[in-house]
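A.B. asks: Okay, so here is protein05.txt, and as you'll see once you scroll down, it has compact mmCIF, C-alpha atoms.
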# COMPACT_ATOMS: atom_id res chain seq x y z
CA MET A 1 -2.95 13.08 -16.22
CA ALA A 2 -2.48 13.98 -12.55
CA PRO A 3 -3.85 15.99 -10.80
CA ASN A 4 -6.92 14.49 -12.50
CA SER A 5 -5.84 10.90 -12.01
CA ARG A 6 -8.02 8.22 -10.50
CA LEU A 7 -6.10 6.53 -7.68
CA ILE A 8 -7.09 2.90 -7.14
CA LEU A 9 -5.83 2.17 -3.63
CA THR A 10 -5.59 -1.47 -2.56
CA ARG A 11 -4.73 -3.07 0.77
CA HIS A 12 -2.86 -6.38 0.68
CA ALA A 13 -4.71 -9.65 1.26
CA GLN A 14 -4.51 -11.67 4.48
CA ALA A 15 -0.93 -12.10 5.66
CA GLU A 16 0.51 -14.40 8.31
CA HIS A 17 0.69 -11.70 10.99
CA ASN A 18 -3.00 -10.88 10.47
CA VAL A 19 -3.98 -14.43 11.46
CA ASP A 20 -1.81 -15.12 14.50
CA LEU A 21 -1.61 -11.49 15.63
CA ASP A 22 2.13 -12.09 15.60
CA TYR A 23 4.10 -9.15 14.31
CA SER A 24 7.45 -10.84 14.93
CA ILE A 25 7.17 -12.64 11.56
CA PRO A 26 9.82 -11.10 9.26
CA ASP A 27 8.36 -9.42 6.18
CA ALA A 28 5.16 -11.41 6.67
CA PRO A 29 3.94 -13.06 3.44
CA LEU A 30 0.38 -13.93 2.45
CA THR A 31 -1.36 -16.95 3.91
CA PRO A 32 -2.87 -19.56 1.57
CA LEU A 33 -6.23 -17.86 2.18
CA GLY A 34 -4.65 -14.50 1.43
CA LYS A 35 -3.46 -15.78 -1.93
CA LYS A 36 -7.00 -16.92 -2.69
CA GLN A 37 -8.35 -13.51 -1.65
CA ALA A 38 -5.90 -11.74 -3.94
CA ALA A 39 -6.72 -14.00 -6.87
CA SER A 40 -10.42 -13.42 -6.21
CA LEU A 41 -9.85 -9.68 -6.28
CA ALA A 42 -8.66 -9.94 -9.89
CA ARG A 43 -12.13 -11.14 -10.87
CA GLN A 44 -13.99 -8.67 -8.66
CA VAL A 45 -12.39 -5.64 -10.31
CA SER A 46 -12.37 -6.89 -13.90
CA ASP A 47 -13.27 -3.48 -15.32
CA LEU A 48 -10.42 -1.81 -13.45
CA GLN A 49 -8.02 -4.46 -14.78
CA LYS A 50 -8.80 -3.13 -18.26
CA GLU A 51 -8.51 0.53 -17.25
CA ALA A 52 -5.37 0.58 -15.09
CA ASP A 53 -2.51 2.49 -16.70
CA LEU A 54 0.12 1.99 -13.99
CA ILE A 55 0.61 -0.48 -11.13
CA VAL A 56 2.56 0.71 -8.08
CA SER A 57 3.34 -1.47 -5.07
CA SER A 58 4.96 -1.37 -1.67
CA PRO A 59 8.02 -3.66 -1.88
CA LEU A 60 7.04 -5.87 1.07
CA ARG A 61 6.39 -9.51 0.25
CA ARG A 62 2.67 -9.46 1.04
CA THR A 63 2.01 -6.44 -1.14
CA LEU A 64 4.08 -7.82 -4.00
CA GLN A 65 2.16 -11.09 -3.78
CA THR A 66 -1.16 -9.23 -3.69
CA THR A 67 -0.07 -7.17 -6.67
CA THR A 68 0.96 -10.25 -8.66
CA LEU A 69 -2.28 -12.14 -7.98
CA GLY A 70 -4.81 -9.36 -7.56
CA TRP A 71 -3.78 -7.27 -10.55
CA ALA A 72 -2.52 -10.07 -12.82
CA PRO A 73 -4.62 -9.21 -15.91
CA ALA A 74 -3.58 -5.55 -15.76
CA ILE A 75 0.08 -6.45 -15.21
CA GLU A 76 0.08 -8.78 -18.21
CA ARG A 77 -1.60 -6.15 -20.38
CA LEU A 78 0.89 -3.48 -19.29
CA GLY A 79 3.97 -5.53 -20.12
CA GLY A 80 4.61 -7.88 -17.19
CA PRO A 81 5.85 -7.65 -13.58
CA GLY A 82 8.93 -5.70 -14.61
CA LYS A 83 6.67 -2.75 -15.40
CA VAL A 84 5.30 -2.60 -11.85
CA VAL A 85 6.76 0.40 -10.01
CA LEU A 86 8.07 -0.47 -6.55
CA LEU A 87 7.61 2.46 -4.18
CA PRO A 88 9.54 2.06 -0.91
CA GLU A 89 7.75 5.09 0.55
CA ALA A 90 4.55 3.01 0.57
CA GLN A 91 5.97 0.40 2.97
CA GLU A 92 4.11 -0.18 6.24
CA CYS A 93 4.64 2.20 9.15
CA ASN A 94 6.04 0.35 12.13
CA ALA A 95 9.59 -0.81 12.80
CA LEU A 96 8.39 -4.33 13.57
CA PRO A 97 9.69 -7.46 11.80
CA CYS A 98 6.35 -7.99 10.01
CA ASP A 99 6.45 -4.43 8.68
CA THR A 100 10.13 -4.37 7.71
CA GLY A 101 10.84 -5.29 4.11
CA SER A 102 13.47 -7.67 2.85
CA SER A 103 16.69 -6.44 1.30
CA ARG A 104 17.00 -6.06 -2.44
CA GLU A 105 19.46 -8.96 -2.43
CA ALA A 106 17.03 -11.25 -0.61
CA LEU A 107 14.20 -10.45 -2.99
CA ALA A 108 16.45 -10.88 -6.02
CA ALA A 109 17.41 -14.35 -4.77
CA ASP A 110 13.76 -15.44 -4.57
CA PRO A 111 12.23 -16.36 -7.96
CA GLU A 112 8.82 -15.18 -6.77
CA PHE A 113 10.09 -11.61 -6.38
CA ALA A 114 13.04 -11.48 -8.79
CA ILE A 115 10.49 -10.85 -11.56
CA PHE A 116 10.12 -7.25 -10.39
CA ASN A 117 12.38 -4.29 -11.15
CA LEU A 118 14.12 -3.95 -7.80
CA ASP A 119 16.19 -0.89 -8.76
CA PRO A 120 14.22 1.50 -6.45
CA LEU A 121 15.32 -0.49 -3.39
CA THR A 122 18.30 1.27 -1.86
CA PRO A 123 20.34 -0.23 1.00
CA GLU A 124 18.50 2.09 3.41
CA TRP A 125 14.92 1.45 2.29
CA ASN A 126 14.21 -1.11 5.03
CA SER A 127 16.40 0.48 7.73
CA LYS A 128 13.47 2.10 9.58
CA GLN A 129 15.78 5.02 10.31
CA GLY A 130 15.79 8.67 9.24
CA PHE A 131 13.28 9.24 6.44
CA TRP A 132 12.23 5.58 6.81
CA ALA A 133 11.68 5.73 10.57
CA ALA A 134 8.45 4.95 12.39
CA SER A 135 8.27 8.39 14.04
CA GLU A 136 5.22 10.56 13.50
CA GLU A 137 7.25 13.17 11.63
CA ALA A 138 8.83 10.61 9.31
CA LEU A 139 5.52 8.89 8.63
CA PHE A 140 3.84 12.21 7.84
CA ASN A 141 6.61 13.05 5.39
CA ARG A 142 6.59 9.59 3.83
CA ALA A 143 2.83 9.52 3.26
CA ARG A 144 3.02 12.99 1.75
CA ALA A 145 5.87 11.81 -0.49
CA VAL A 146 3.62 9.02 -1.78
CA ARG A 147 0.90 11.53 -2.69
CA GLN A 148 3.46 13.79 -4.33
CA PHE A 149 4.84 10.88 -6.34
CA LEU A 150 1.36 9.94 -7.53
CA ARG A 151 0.74 13.58 -8.47
CA THR A 152 3.79 13.59 -10.73
CA ARG A 153 2.65 10.58 -12.74
CA PRO A 154 1.04 11.23 -16.13
CA GLU A 155 -1.21 8.14 -16.09
CA LYS A 156 -4.98 8.48 -15.72
CA ASN A 157 -5.71 5.31 -13.69
CA ILE A 158 -3.06 4.44 -11.10
CA VAL A 159 -3.18 1.37 -8.85
CA LEU A 160 -1.31 1.50 -5.54
CA VAL A 161 -1.05 -1.67 -3.44
CA ALA A 162 -0.01 -0.92 0.13
CA HIS A 163 -0.85 -1.48 3.81
CA GLY A 164 -3.61 -0.46 6.21
CA ASP A 165 -1.62 1.93 8.41
CA ILE A 166 0.21 3.76 5.63
CA LEU A 167 -3.00 3.92 3.56
CA ARG A 168 -4.69 5.72 6.44
CA ARG A 169 -1.90 8.28 6.32
CA ILE A 170 -1.86 8.55 2.55
CA THR A 171 -5.61 9.25 2.67
CA ALA A 172 -5.28 11.71 5.55
CA ARG A 173 -7.28 14.91 5.46
CA PRO A 174 -6.30 18.37 6.75
CA LYS A 175 -7.78 17.50 10.16
CA GLY A 176 -5.67 14.37 10.55
CA ILE A 177 -5.10 10.72 9.74
CA SER A 178 -7.99 8.62 8.47
CA ASP A 179 -9.39 6.07 10.93
CA TYR A 180 -10.90 3.86 8.24
CA PRO A 181 -10.41 0.12 9.01
CA TRP A 182 -9.15 -1.22 5.67
CA LYS A 183 -10.17 -4.81 4.98
CA ASN A 184 -7.85 -7.39 3.48
CA ALA A 185 -7.71 -7.15 -0.33
CA GLU A 186 -9.93 -4.07 -0.34
CA VAL A 187 -10.04 -1.58 -3.22
CA ARG A 188 -11.16 2.03 -2.84
CA ILE A 189 -10.90 4.82 -5.40
CA PHE A 190 -9.60 8.29 -4.57
CA GLU A 191 -8.81 11.47 -6.46
CA PHE A 192 -6.81 14.56 -5.64
CA ASP A 193 -8.81 17.16 -3.76
CA PRO A 194 -8.99 20.20 -6.08
CA GLU A 195 -8.65 22.50 -3.07
CA TYR A 196 -5.28 21.02 -2.11
CA VAL A 197 -3.89 19.43 -5.27
CA ASP A 198 -1.42 22.26 -5.90
CA THR A 199 -0.23 22.41 -2.30
CA GLU A 200 2.64 20.53 -0.73
CA ASP A 201 0.24 18.19 1.08
CA CYS A 202 -1.90 17.43 -2.01
CA PHE A 203 -4.64 15.68 -0.02
CA LEU A 204 -6.99 13.12 -1.56
CA TYR A 205 -10.71 12.54 -1.28
CA GLN A 206 -12.58 9.30 -1.74
CA LYS A 207 -14.74 8.67 -4.78
CA GLU A 208 -16.07 5.16 -4.10
CA ASP A 209 -15.65 1.76 -2.45
CA VAL A 210 -15.11 -0.92 -5.06
CA ALA A 211 -14.47 -4.37 -3.59
CA ALA A 212 -13.13 -6.31 -0.62
CA ALA A 213 -12.12 -9.92 -1.13
CA GLY A 214 -11.26 -10.51 2.53
CA GLY A 215 -12.44 -9.60 6.00
CA TYR A 216 -10.97 -7.17 8.49
CA GLY A 217 -7.37 -7.89 9.48
CA PRO A 218 -5.85 -5.66 12.18
CA THR A 219 -2.63 -3.83 11.40
CA SER A 220 0.38 -3.93 13.72
CA THR A 221 -0.51 -0.47 15.06
CA GLU A 222 -3.98 -1.67 16.02
CA LEU A 223 -2.51 -4.79 17.62
CA GLU A 224 -0.23 -2.60 19.74
CA ILE A 225 -3.19 -0.47 20.84
CA GLU A 226 -5.16 -3.58 21.82
CA GLU A 227 -2.18 -4.90 23.74
CA VAL A 228 -1.77 -1.66 25.70
CA GLU A 229 -5.48 -1.40 26.44
CA GLY A 230 -5.48 -5.00 27.68
CA LYS A 231 -2.88 -4.08 30.29
CA LEU A 232 -4.84 -1.09 31.60
Can you dump the structure from the file as structure tokens?
C.D. replies:
Amino acid sequence: MAPNSRLILTRHAQAEHNVDLDYSIPDAPLTPLGKKQAASLARQVSDLQKEADLIVSSPLRRTLQTTTLGWAPAIERLGGPGKVVLLPEAQECNALPCDTGSSREALAADPEFAIFNLDPLTPEWNSKQGFWAASEEALFNRARAVRQFLRTRPEKNIVLVAHGDILRRITARPKGISDYPWKNAEVRIFEFDPEYVDTEDCFLYQKEDVAAAGGYGPTSTELEIEEVEGKL
């Protein structure tokens, strides 16, 4: 159905690094409150649960947990967690422990995450090098690759669960990266901009805000900015 698809973009619920402002936590999972936020989201977007045709998720633990809890009715209707598409390109931006995903082997060894189809996870996906690096060029290319992937999908209603920093880049406009402060467990709907849908950049434009089950949780990039400003 793309380029006419409705893109239901979702930020993960509260994770451990959002609470303690500690981005040294490896592949930071959801907090107990974050799990409640994600479960609450499932009820807040009940209509979208019935309409979603495809669920796509970043393969980090907090996004997989948000996907499992927040989109549970849709996942069950669509055939179970094995039908969720893991998209490594949608991982968070920085090369920090909290933003670096676990290996395929580690996820496969954990019953909570072994339920997913982990085939898209190559040995390099969490290397934070080359295409996966945290450089501006790599992040630009990766966010564009996410939009291009979504454009290739035939489904009408596509859910993508990802992270605040990469979502700002995925929803970039020709003038630059979005500065929108995504809340925890927030859902916003976008579509492809008709002016750019057939271009390499295939930019999006927002249709509506839908729900936010949690409050504002700073991303690791914003924490770094605050840390630098505090030293000035």
A.B. asks: Please report, as a Markdown table, each residue of range 124-201 of chain A lying at most 9 Å from range 92-96 of chain A, together with the nearest pair of atoms and the separation in Å rounded to one decimal; use only C-alpha atoms, and order rows by chain and ascending residue number.
C.D. replies:
| residue | atom | partner | partner_atom | distance |
| --- | --- | --- | --- | --- |
| A:Ser127 | CA | A:Ala95 | CA | 8.6 |
| A:Lys128 | CA | A:Ala95 | CA | 5.8 |
| A:Gln129 | CA | A:Ala95 | CA | 8.9 |
| A:Trp132 | CA | A:Cys93 | CA | 8.6 |
| A:Ala133 | CA | A:Ala95 | CA | 7.2 |
| A:Ala134 | CA | A:Asn94 | CA | 5.2 |
| A:Ser135 | CA | A:Asn94 | CA | 8.6 |
| A:Leu139 | CA | A:Cys93 | CA | 6.8 |
| A:Ala162 | CA | A:Glu92 | CA | 7.4 |
| A:His163 | CA | A:Glu92 | CA | 5.7 |
| A:Gly164 | CA | A:Glu92 | CA | 7.7 |
| A:Asp165 | CA | A:Cys93 | CA | 6.3 |
| A:Ile166 | CA | A:Glu92 | CA | 5.6 |
| A:Leu167 | CA | A:Glu92 | CA | 8.6 |
A.B. asks: Quick one: of A:Asp209, A:Arg62, A:Gly176, A:Val84, who's nearest to Asn117 in chain A, counting only C-alpha atoms?
C.D. replies: A:Val84
A.B. asks: Please, which residues in range 74-158 of chain A fall within 9 Å of range 15-37 of chain A when counting only C-alpha atoms, and what is the closest atom pair and distance in Å to one decimal for each, ordered by chain then residue number, as JSON lines?
C.D. replies:
{"residue": "A:Leu96", "atom": "CA", "partner": "A:Tyr23", "partner_atom": "CA", "distance": 6.5}
{"residue": "A:Pro97", "atom": "CA", "partner": "A:Pro26", "partner_atom": "CA", "distance": 4.4}
{"residue": "A:Cys98", "atom": "CA", "partner": "A:Asp27", "partner_atom": "CA", "distance": 4.6}
{"residue": "A:Asp99", "atom": "CA", "partner": "A:Asp27", "partner_atom": "CA", "distance": 5.9}
{"residue": "A:Thr100", "atom": "CA", "partner": "A:Asp27", "partner_atom": "CA", "distance": 5.6}
{"residue": "A:Gly101", "atom": "CA", "partner": "A:Asp27", "partner_atom": "CA", "distance": 5.2}
{"residue": "A:Ser102", "atom": "CA", "partner": "A:Asp27", "partner_atom": "CA", "distance": 6.3}
A.B. asks: Quick one: residues within 10 Å of (6.7, -0.7, -2.5) (file frame), counting all atoms listed in the file, please, as a PDB file with C-alpha atoms, keeping the file's coordinate frame.
C.D. replies:
ATOM      1  CA  VAL A  56       2.560   0.710  -8.080  1.00  0.00           C
ATOM      2  CA  SER A  57       3.340  -1.470  -5.070  1.00  0.00           C
ATOM      3  CA  SER A  58       4.960  -1.370  -1.670  1.00  0.00           C
ATOM      4  CA  PRO A  59       8.020  -3.660  -1.880  1.00  0.00           C
ATOM      5  CA  LEU A  60       7.040  -5.870   1.070  1.00  0.00           C
ATOM      6  CA  ARG A  61       6.390  -9.510   0.250  1.00  0.00           C
ATOM      7  CA  THR A  63       2.010  -6.440  -1.140  1.00  0.00           C
ATOM      8  CA  LEU A  64       4.080  -7.820  -4.000  1.00  0.00           C
ATOM      9  CA  VAL A  84       5.300  -2.600 -11.850  1.00  0.00           C
ATOM     10  CA  VAL A  85       6.760   0.400 -10.010  1.00  0.00           C
ATOM     11  CA  LEU A  86       8.070  -0.470  -6.550  1.00  0.00           C
ATOM     12  CA  LEU A  87       7.610   2.460  -4.180  1.00  0.00           C
ATOM     13  CA  PRO A  88       9.540   2.060  -0.910  1.00  0.00           C
ATOM     14  CA  GLU A  89       7.750   5.090   0.550  1.00  0.00           C
ATOM     15  CA  ALA A  90       4.550   3.010   0.570  1.00  0.00           C
ATOM     16  CA  GLN A  91       5.970   0.400   2.970  1.00  0.00           C
ATOM     17  CA  GLU A  92       4.110  -0.180   6.240  1.00  0.00           C
ATOM     18  CA  GLY A 101      10.840  -5.290   4.110  1.00  0.00           C
ATOM     19  CA  LEU A 118      14.120  -3.950  -7.800  1.00  0.00           C
ATOM     20  CA  PRO A 120      14.220   1.500  -6.450  1.00  0.00           C
ATOM     21  CA  LEU A 121      15.320  -0.490  -3.390  1.00  0.00           C
ATOM     22  CA  TRP A 125      14.920   1.450   2.290  1.00  0.00           C
ATOM     23  CA  LEU A 160      -1.310   1.500  -5.540  1.00  0.00           C
ATOM     24  CA  VAL A 161      -1.050  -1.670  -3.440  1.00  0.00           C
ATOM     25  CA  ALA A 162      -0.010  -0.920   0.130  1.00  0.00           C
ATOM     26  CA  HIS A 163      -0.850  -1.480   3.810  1.00  0.00           C
TER      27      HIS A 163
END
A.B. asks: Expressed in Å to a single decimal, how great is the separation between CA of Trp71 in chain A and CA of Ala42 in chain A?
C.D. replies: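 Between CA of Trp71 in chain A and CA of Ala42 in chain A the gap works out to 5.6 Å.
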